[in-house]
Structure formats: C-alpha cells, structure tokens
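Novice: Sharing query_32.pdb below, PDB, C-alpha atoms (C1' of nucleotides):
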```pdb
ATOM      1  CA  MET F   1     -22.345  -8.558   3.117
ATOM      2  CA  ILE F   2     -18.798  -9.572   2.247
ATOM      3  CA  LEU F   3     -17.308  -7.882  -0.815
ATOM      4  CA  GLY F   4     -15.702 -10.409  -3.126
ATOM      5  CA  HIS F   5     -14.185 -10.869  -6.553
ATOM      6  CA  VAL F   6     -16.979  -9.137  -8.463
ATOM      7  CA  PHE F   7     -16.653  -5.980  -6.358
ATOM      8  CA  PHE F   8     -12.877  -5.774  -6.732
ATOM      9  CA  ALA F   9     -12.733  -6.730 -10.409
ATOM     10  CA  ARG F  10     -13.002  -3.152 -11.644
ATOM     11  CA  LYS F  11     -10.550  -0.351 -12.113
ATOM     12  CA  ALA F  12      -8.572   0.479  -8.987
ATOM     13  CA  PRO F  13      -9.616   4.172  -8.802
ATOM     14  CA  VAL F  14     -13.262   3.081  -8.832
ATOM     15  CA  VAL F  15     -12.659   0.511  -6.115
ATOM     16  CA  ALA F  16     -10.678   3.032  -4.057
ATOM     17  CA  ARG F  17     -13.629   5.423  -4.165
ATOM     18  CA  MET F  18     -16.177   2.736  -3.358
ATOM     19  CA  LEU F  19     -14.197   1.373  -0.412
ATOM     20  CA  LEU F  20     -14.690   4.570   1.576
ATOM     21  CA  GLY F  21     -17.319   3.854   4.210
ATOM     22  CA  ALA F  22     -16.897   0.091   3.810
ATOM     23  CA  TYR F  23     -15.571  -2.004   6.692
ATOM     24  CA  LEU F  24     -12.281  -3.774   7.027
ATOM     25  CA  VAL F  25     -13.125  -6.786   9.176
ATOM     26  CA  HIS F  26     -10.479  -8.601  11.115
ATOM     27  CA  ARG F  27     -10.535 -11.787  13.126
ATOM     28  CA  HIS F  28      -7.662 -12.112  15.565
ATOM     29  CA  SER F  29      -7.518 -14.722  18.328
ATOM     30  CA  GLY F  30     -11.244 -15.367  18.060
ATOM     31  CA  ARG F  31     -12.260 -11.706  18.168
ATOM     32  CA  VAL F  32     -13.919 -10.013  15.219
ATOM     33  CA  ARG F  33     -13.517  -6.276  14.809
ATOM     34  CA  ARG F  34     -14.846  -3.881  12.173
ATOM     35  CA  TYR F  35     -12.998  -0.777  11.072
ATOM     36  CA  LYS F  36     -14.525   1.842   8.791
ATOM     37  CA  ILE F  37     -12.239   2.590   5.842
ATOM     38  CA  ILE F  38     -11.537   6.313   5.558
ATOM     39  CA  GLU F  39      -8.492   6.613   3.302
ATOM     40  CA  THR F  40      -7.394   4.741   0.157
ATOM     41  CA  GLU F  41      -5.082   5.085  -2.825
ATOM     42  CA  ALA F  42      -5.284   3.485  -6.270
ATOM     43  CA  TYR F  43      -2.362   2.041  -8.233
ATOM     44  CA  ASP F  44      -3.557   1.179 -11.694
ATOM     45  CA  GLY F  45      -2.204  -0.567 -14.745
ATOM     46  CA  PHE F  46       1.079  -1.224 -16.538
ATOM     47  CA  HIS F  47       1.956   2.432 -17.093
ATOM     48  CA  ASP F  48       1.342   3.950 -13.659
ATOM     49  CA  ARG F  49       4.914   4.773 -12.676
ATOM     50  CA  ALA F  50       3.981   5.062  -9.009
ATOM     51  CA  SER F  51       2.888   1.424  -9.071
ATOM     52  CA  HIS F  52       5.247  -1.442  -8.313
ATOM     53  CA  ALA F  53       3.764  -3.196 -11.343
ATOM     54  CA  SER F  54       5.080  -0.586 -13.797
ATOM     55  CA  ARG F  55       8.410  -2.456 -13.879
ATOM     56  CA  GLY F  56       6.711  -5.626 -14.929
ATOM     57  CA  LYS F  57       5.877  -8.863 -13.228
ATOM     58  CA  THR F  58       8.368  -9.863 -10.511
ATOM     59  CA  PRO F  59       8.099 -12.255  -7.567
ATOM     60  CA  ARG F  60       6.854  -9.391  -5.420
ATOM     61  CA  THR F  61       4.379  -7.846  -7.860
ATOM     62  CA  GLU F  62       3.063 -11.105  -9.303
ATOM     63  CA  VAL F  63       0.019 -10.967  -7.054
ATOM     64  CA  MET F  64      -1.017  -7.620  -8.547
ATOM     65  CA  PHE F  65      -1.412  -9.357 -11.904
ATOM     66  CA  GLY F  66      -3.552 -12.072 -10.385
ATOM     67  CA  LYS F  67      -7.177 -12.393  -9.441
ATOM     68  CA  ALA F  68      -8.947  -9.442  -7.852
ATOM     69  CA  GLY F  69      -9.957  -9.728  -4.222
ATOM     70  CA  HIS F  70      -6.641 -11.019  -2.914
ATOM     71  CA  TRP F  71      -4.342  -9.207  -0.503
ATOM     72  CA  TYR F  72      -1.033  -7.709  -1.548
ATOM     73  CA  VAL F  73       1.117  -7.033   1.517
ATOM     74  CA  TYR F  74       4.693  -5.827   1.205
ATOM     75  CA  LEU F  75       7.399  -4.221   3.326
ATOM     76  CA  VAL F  76       8.464  -0.633   2.765
ATOM     77  CA  TYR F  77      11.345   1.309   4.327
ATOM     78  CA  GLY F  78      12.562  -1.891   5.886
ATOM     79  CA  MET F  79       9.969  -1.764   8.642
ATOM     80  CA  HIS F  80       6.425  -1.036   7.552
ATOM     81  CA  GLU F  81       3.929  -3.510   6.123
ATOM     82  CA  MET F  82       1.497  -2.053   3.574
ATOM     83  CA  LEU F  83      -1.961  -3.537   3.034
ATOM     84  CA  ASN F  84      -3.363  -3.539  -0.502
ATOM     85  CA  ILE F  85      -6.200  -5.347  -2.226
ATOM     86  CA  VAL F  86      -5.777  -6.565  -5.793
ATOM     87  CA  CYS F  87      -8.250  -5.080  -8.283
ATOM     88  CA  GLY F  88      -9.192  -5.229 -11.939
ATOM     89  CA  ALA F  89      -9.283  -7.975 -14.513
ATOM     90  CA  THR F  90      -6.914 -10.909 -14.088
ATOM     91  CA  GLY F  91      -3.687 -10.107 -15.947
ATOM     92  CA  TYR F  92      -4.159  -6.350 -15.516
ATOM     93  CA  PRO F  93      -2.029  -5.153 -12.575
ATOM     94  CA  SER F  94      -3.780  -2.893 -10.118
ATOM     95  CA  ALA F  95      -4.420  -2.575  -6.418
ATOM     96  CA  VAL F  96      -5.762  -0.256  -3.765
ATOM     97  CA  LEU F  97      -3.644   0.690  -0.760
ATOM     98  CA  ILE F  98      -5.726   0.932   2.405
ATOM     99  CA  ARG F  99      -4.150   3.947   4.094
ATOM    100  CA  GLY F 100      -6.449   4.461   7.039
ATOM    101  CA  VAL F 101      -9.493   3.374   9.003
ATOM    102  CA  ALA F 102     -11.480   5.286  11.605
ATOM    103  CA  GLY F 103      -9.283   5.724  14.659
ATOM    104  CA  ILE F 104      -6.062   4.670  12.943
ATOM    105  CA  SER F 105      -4.504   6.902  10.301
ATOM    106  CA  GLY F 106      -1.427   5.925   8.355
ATOM    107  CA  PRO F 107      -0.930   2.673   6.413
ATOM    108  CA  ALA F 108       1.920   1.441   8.620
ATOM    109  CA  ARG F 109       0.043   2.148  11.833
ATOM    110  CA  LEU F 110      -2.949   0.275  10.446
ATOM    111  CA  THR F 111      -1.042  -2.943   9.758
ATOM    112  CA  LYS F 112       0.775  -2.696  13.071
ATOM    113  CA  ALA F 113      -2.469  -2.232  15.000
ATOM    114  CA  LEU F 114      -4.140  -5.192  13.308
ATOM    115  CA  ASN F 115      -1.085  -7.467  13.296
ATOM    116  CA  ILE F 116      -1.128  -7.674   9.517
ATOM    117  CA  THR F 117       2.083  -8.981   7.958
ATOM    118  CA  ARG F 118       3.308 -10.452   4.684
ATOM    119  CA  ALA F 119       1.981 -13.792   5.916
ATOM    120  CA  LEU F 120      -1.314 -12.501   4.499
ATOM    121  CA  ASN F 121       0.157 -11.799   1.059
ATOM    122  CA  LYS F 122      -1.719 -13.529  -1.810
ATOM    123  CA  LYS F 123      -4.461 -14.706   0.545
ATOM    124  CA  PRO F 124      -8.097 -14.033  -0.390
ATOM    125  CA  ALA F 125     -10.086 -11.277   1.282
ATOM    126  CA  SER F 126     -12.533 -13.699   2.869
ATOM    127  CA  LYS F 127     -13.286 -15.240   6.251
ATOM    128  CA  ALA F 128     -10.807 -17.975   5.430
ATOM    129  CA  SER F 129      -7.878 -15.573   5.671
ATOM    130  CA  GLY F 130      -9.172 -13.771   8.753
ATOM    131  CA  LEU F 131      -9.297 -10.408   6.996
ATOM    132  CA  TRP F 132     -12.080  -9.323   4.690
ATOM    133  CA  VAL F 133     -14.193  -6.342   3.616
ATOM    134  CA  GLU F 134     -17.898  -5.746   4.236
ATOM    135  CA  ARG F 135     -20.188  -3.287   2.528
ATOM    136  CA  GLY F 136     -20.809  -0.059   4.436
ATOM    137  CA  VAL F 137     -23.174   2.828   4.150
ATOM    138  CA  ARG F 138     -23.167   4.800   0.908
ATOM    139  CA  VAL F 139     -20.976   7.870   1.119
ATOM    140  CA  PRO F 140     -21.883  10.968  -0.933
ATOM    141  CA  ASP F 141     -19.228  12.719  -3.038
ATOM    142  CA  SER F 142     -19.613  15.806  -0.858
ATOM    143  CA  LYS F 143     -17.952  13.916   1.999
ATOM    144  CA  ILE F 144     -14.978  12.819  -0.090
ATOM    145  CA  LEU F 145     -11.679  14.578  -0.608
ATOM    146  CA  ARG F 146      -9.656  13.639  -3.699
ATOM    147  CA  THR F 147      -5.936  14.397  -3.853
ATOM    148  CA  ALA F 148      -2.682  13.275  -5.398
ATOM    149  CA  ARG F 149      -1.123  10.178  -3.853
ATOM    150  CA  VAL F 150       1.352  10.409  -0.992
ATOM    151  CA  GLY F 151       5.076   9.866  -1.452
ATOM    152  CA  VAL F 152       5.148   9.296  -5.198
ATOM    153  CA  SER F 153       6.827  12.459  -6.475
ATOM    154  CA  TYR F 154       9.413  10.284  -8.237
ATOM    155  CA  ALA F 155       6.737   8.959 -10.606
ATOM    156  CA  GLY F 156       6.860  11.875 -13.043
ATOM    157  CA  GLU F 157       4.449  14.783 -13.372
ATOM    158  CA  LYS F 158       1.596  12.873 -14.931
ATOM    159  CA  TRP F 159       1.444  10.019 -12.450
ATOM    160  CA  ALA F 160       2.505  11.986  -9.383
ATOM    161  CA  ASN F 161      -0.350  14.443  -9.942
ATOM    162  CA  MET F 162      -3.021  11.849 -10.667
ATOM    163  CA  GLU F 163      -5.750  12.323  -8.059
ATOM    164  CA  TRP F 164      -6.040   8.759  -6.937
ATOM    165  CA  ARG F 165      -6.078   9.306  -3.180
ATOM    166  CA  PHE F 166      -9.515   9.280  -1.585
ATOM    167  CA  VAL F 167     -10.255  10.501   1.938
ATOM    168  CA  LEU F 168     -13.558  10.344   3.799
ATOM    169  CA  LYS F 169     -14.109  13.594   5.664
ATOM    170  CA  GLU F 170     -15.503  12.709   9.066
TER     171      GLU F 170
ATOM    172  C1'  DA L   1      14.683  17.865   9.468
ATOM    173  C1'  DC L   2      16.061  13.302   9.774
ATOM    174  C1'  DG L   3      17.231   8.531  11.147
ATOM    175  C1'  DA L   4      15.594   3.771  11.564
ATOM    176  C1'  DT L   5      16.018  -0.519   8.780
ATOM    177  C1'  DG L   6      15.728  -4.255   5.045
ATOM    178  C1'  DA L   7      13.624  -5.870   0.743
ATOM    179  C1'  DT L   8      13.612  -4.952  -4.029
ATOM    180  C1'  DG L   9      15.098  -4.405  -8.714
ATOM    181  C1'  DA L  10      18.609  -2.835 -11.782
ATOM    182  C1'  DA L  11      23.252  -2.340 -12.910
ATOM    183  C1'  DC L  12      27.599  -4.213 -13.090
TER     184       DC L  12
ATOM    185  C1'  DT P   1      27.544  -8.585  -5.716
ATOM    186  C1'  DT P   2      26.744  -4.013  -4.927
ATOM    187  C1'  DC P   3      23.910   0.067  -5.056
ATOM    188  C1'  DA P   4      20.188   3.467  -4.850
ATOM    189  C1'  DT P   5      15.624   3.639  -3.805
ATOM    190  C1'  DC P   6      11.538   3.276  -1.208
ATOM    191  C1'  DA P   7       3.082   3.634  -1.454
ATOM    192  C1'  DT P   8       6.382   5.664   6.546
ATOM    193  C1'  DC P   9       6.558   7.184  11.180
ATOM    194  C1'  DG P  10       8.262   9.044  15.457
ATOM    195  C1'  DT P  11      11.235  12.121  17.464
ATOM    196  C1'  DA P  12      13.315  16.578  17.201
TER     197       DA P  12
END
```
Would you give me this structure, written as structure tokens?

Specialist:
Amino acid sequence: MILGHVFFARKAPVVARMLLGAYLVHRHSGRVRRYKIIETEAYDGFHDRASHASRGKTPRTEVMFGKAGHWYVYLVYGMHEMLNIVCGATGYPSAVLIRGVAGISGPARLTKALNITRALNKKPASKASGLWVERGVRVPDSKILRTARVGVSYAGEKWANMEWRFVLKE
DNA sequence: ACGATGATGAAC
DNA sequence: TTCATCATCGTA
C-alpha cells in the first residue's frame, strides 16, 4: 500500500516515527527496489531553528510550505543531495529527512546509491515520480532509539536537543 | 582532525 | 557582490 497525502499530513515527528519499518520504493531503469527505512529526522514548523524553513519561505524552502507527500531534495556541503518528504498541513513548513535504509546508512550515501538528485525536488511521492513509500510492518517502541538530530548544534539549546531523530535498532 | 565543494541567505 | 555557513563523508 502506497503512503500518500493523508499519511504525511501530520506533524513531522509523528511521521518520522511512523516511517521506521516502512519501505522506500525506487524505480530506476525499469527495476523496482524496496528499501526498509531505518533512520529519520523531523524538521518541524516555523520556529525550529534547525529547519531551513525557520528563515521563512525562500525559493529553496518553498516546497516545505506546500502540500504534504512531496519530495524536498537539496544540496548540502556542495556535494551531497538530501532526501526529505514534506509533512504537515499545507502552509505549515515541515519535513522528514530520510537518513538511512537497511544496508545504506547516511543520507548522502542513500541518495548517491539510488541516483536521487534535485531533479526529484517538488515531485510527488508516487509511482509517477519513480520514488514512493509503502507501508511496512509495525515496529514496536522497544526497537526504536530516539536521539537529538545530527549536525544541528548551531540551532540553540532547545532545538539542538530536541529528540527528533529516530533509529530502528536491527 | 580535516578537506572537498557549491548553493544559500544575509549583509553590505 | 561578497561572505560565512552548511540536515556529510572519506581519508588520515
């Protein structure tokens, strides 16, 4: 079952938690592959200083303010593409960074392995775009590790310490 | 511990 | 137009 707008139209931390155990499904040159999602991070709302959206709507962040269930892909450090899915109500900026799938850990390694680039930015998470998400098995809380997000120490104590990183212990 | 490498947003 | 910064990774 493909997860669509209704699934993603809730608060990013909730989506980040629920995505663990779900499958990132990718079609590339006719081949379909499923990857179990094992690590995510939430970026939520206007005030989250770790979120690109905290500086307001810009050409880059515009998609975060748009409809849930679309991809937000951007370049970081001049070389790494990051894959995010837009969450929440339309007009409320939030997204979940997909940091790892089974067999591939690290958000930059993930996009490199799956050939995901900014060409996918603003596209829907559906078969039409070639990259979508399917429901997985339910994962109990006992198998989930919750921590602060990676690389956001600049965001101030409150936001840097927010435990919005979710890892599935395998 | 650090360099690669370029887009982004803010300041000027 | 310039500048500091950055949701990282591989090599050391």

Novice: The PyMOL selection byres ((chain L and resi 2) around 12) - which residues does that actually catch in the file I just gave you? List them as a ChimeraX atom specification.

Specialist: /L:1,3-4 /P:9-12

Novice: If I take CA of Gly88 in chain F and CA of Glu163 in chain F, how far is one from the other in Å, to one decimal?

Specialist: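 Interatomic distance, CA of Gly88 in chain F to CA of Glu163 in chain F: 18.3 Å.
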
Novice: Counting only C-alpha atoms (C1' of nucleotides), which residues in chain P sit no more than 8 Å from chain F? For each one, give the nearest pair of atoms and the distance in Å, sorted by chain then residue number, as a Markdown table.

Specialist:
```
| residue | atom | partner | partner_atom | distance |
| --- | --- | --- | --- | --- |
| P:DC6 | C1' | F:Tyr77 | CA | 5.9 |
| P:DA7 | C1' | F:Gly151 | CA | 6.5 |
| P:DT8 | C1' | F:Ala108 | CA | 6.5 |
| P:DC9 | C1' | F:Ala108 | CA | 7.8 |
```

Novice: Hey, what comes out of the PyMOL selection byres ((chain L) within 9 of (chain F)) on this file? Could you write it as a list in words?

Specialist: DA4, DT5, DG6, DA7, DT8 and DG9 of chain L

Novice: Report, in Å with one decimal, the straight-line distance from CA of Met162 in chain F to CA of Val139 in chain F.

Specialist: 21.8 Å

Novice: Which residues are near Ala89 in chain F? Cut-off 12 Å, only C-alpha atoms (C1' of nucleotides), ignore same chain within fewer than 6 positions. Put them as number ranges by chain.

Specialist: F: 5-12, 44-45, 64-69, 95

Novice: If you apply the PyMOL selection byres ((chain F and resi 130) around 12) to this file, what residues do you get, as a VMD selection string?

Specialist: chain F and resid 24 to 34 71 114 to 116 119 to 120 123 to 129 131 to 133

Novice: When you look at Arg146 in chain F with a cut-off of 12 Å (counting only C-alpha atoms (C1' of nucleotides)), what residues show up, excluding the ones that are within fewer than 5 positions of it in the same chain? I need them as an MDAnalysis selection string.

Specialist: chainID F and resid 13 16:17 20 38:42 141 161:169

Novice: What does the structure give for the distance between CA of Met1 in chain F and CA of Gly136 in chain F, in Å to one decimal?

Specialist: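 Atom-to-atom, CA of Met1 in chain F and CA of Gly136 in chain F are spaced 8.7 Å apart.
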
Novice: Check the smallest atom-to-atom distance from each of F:Leu19, F:Val63, F:Ala53, F:Ala148 to Ile37 in chain F using all atoms listed in the file, then report the winner.

Specialist: F:Leu19
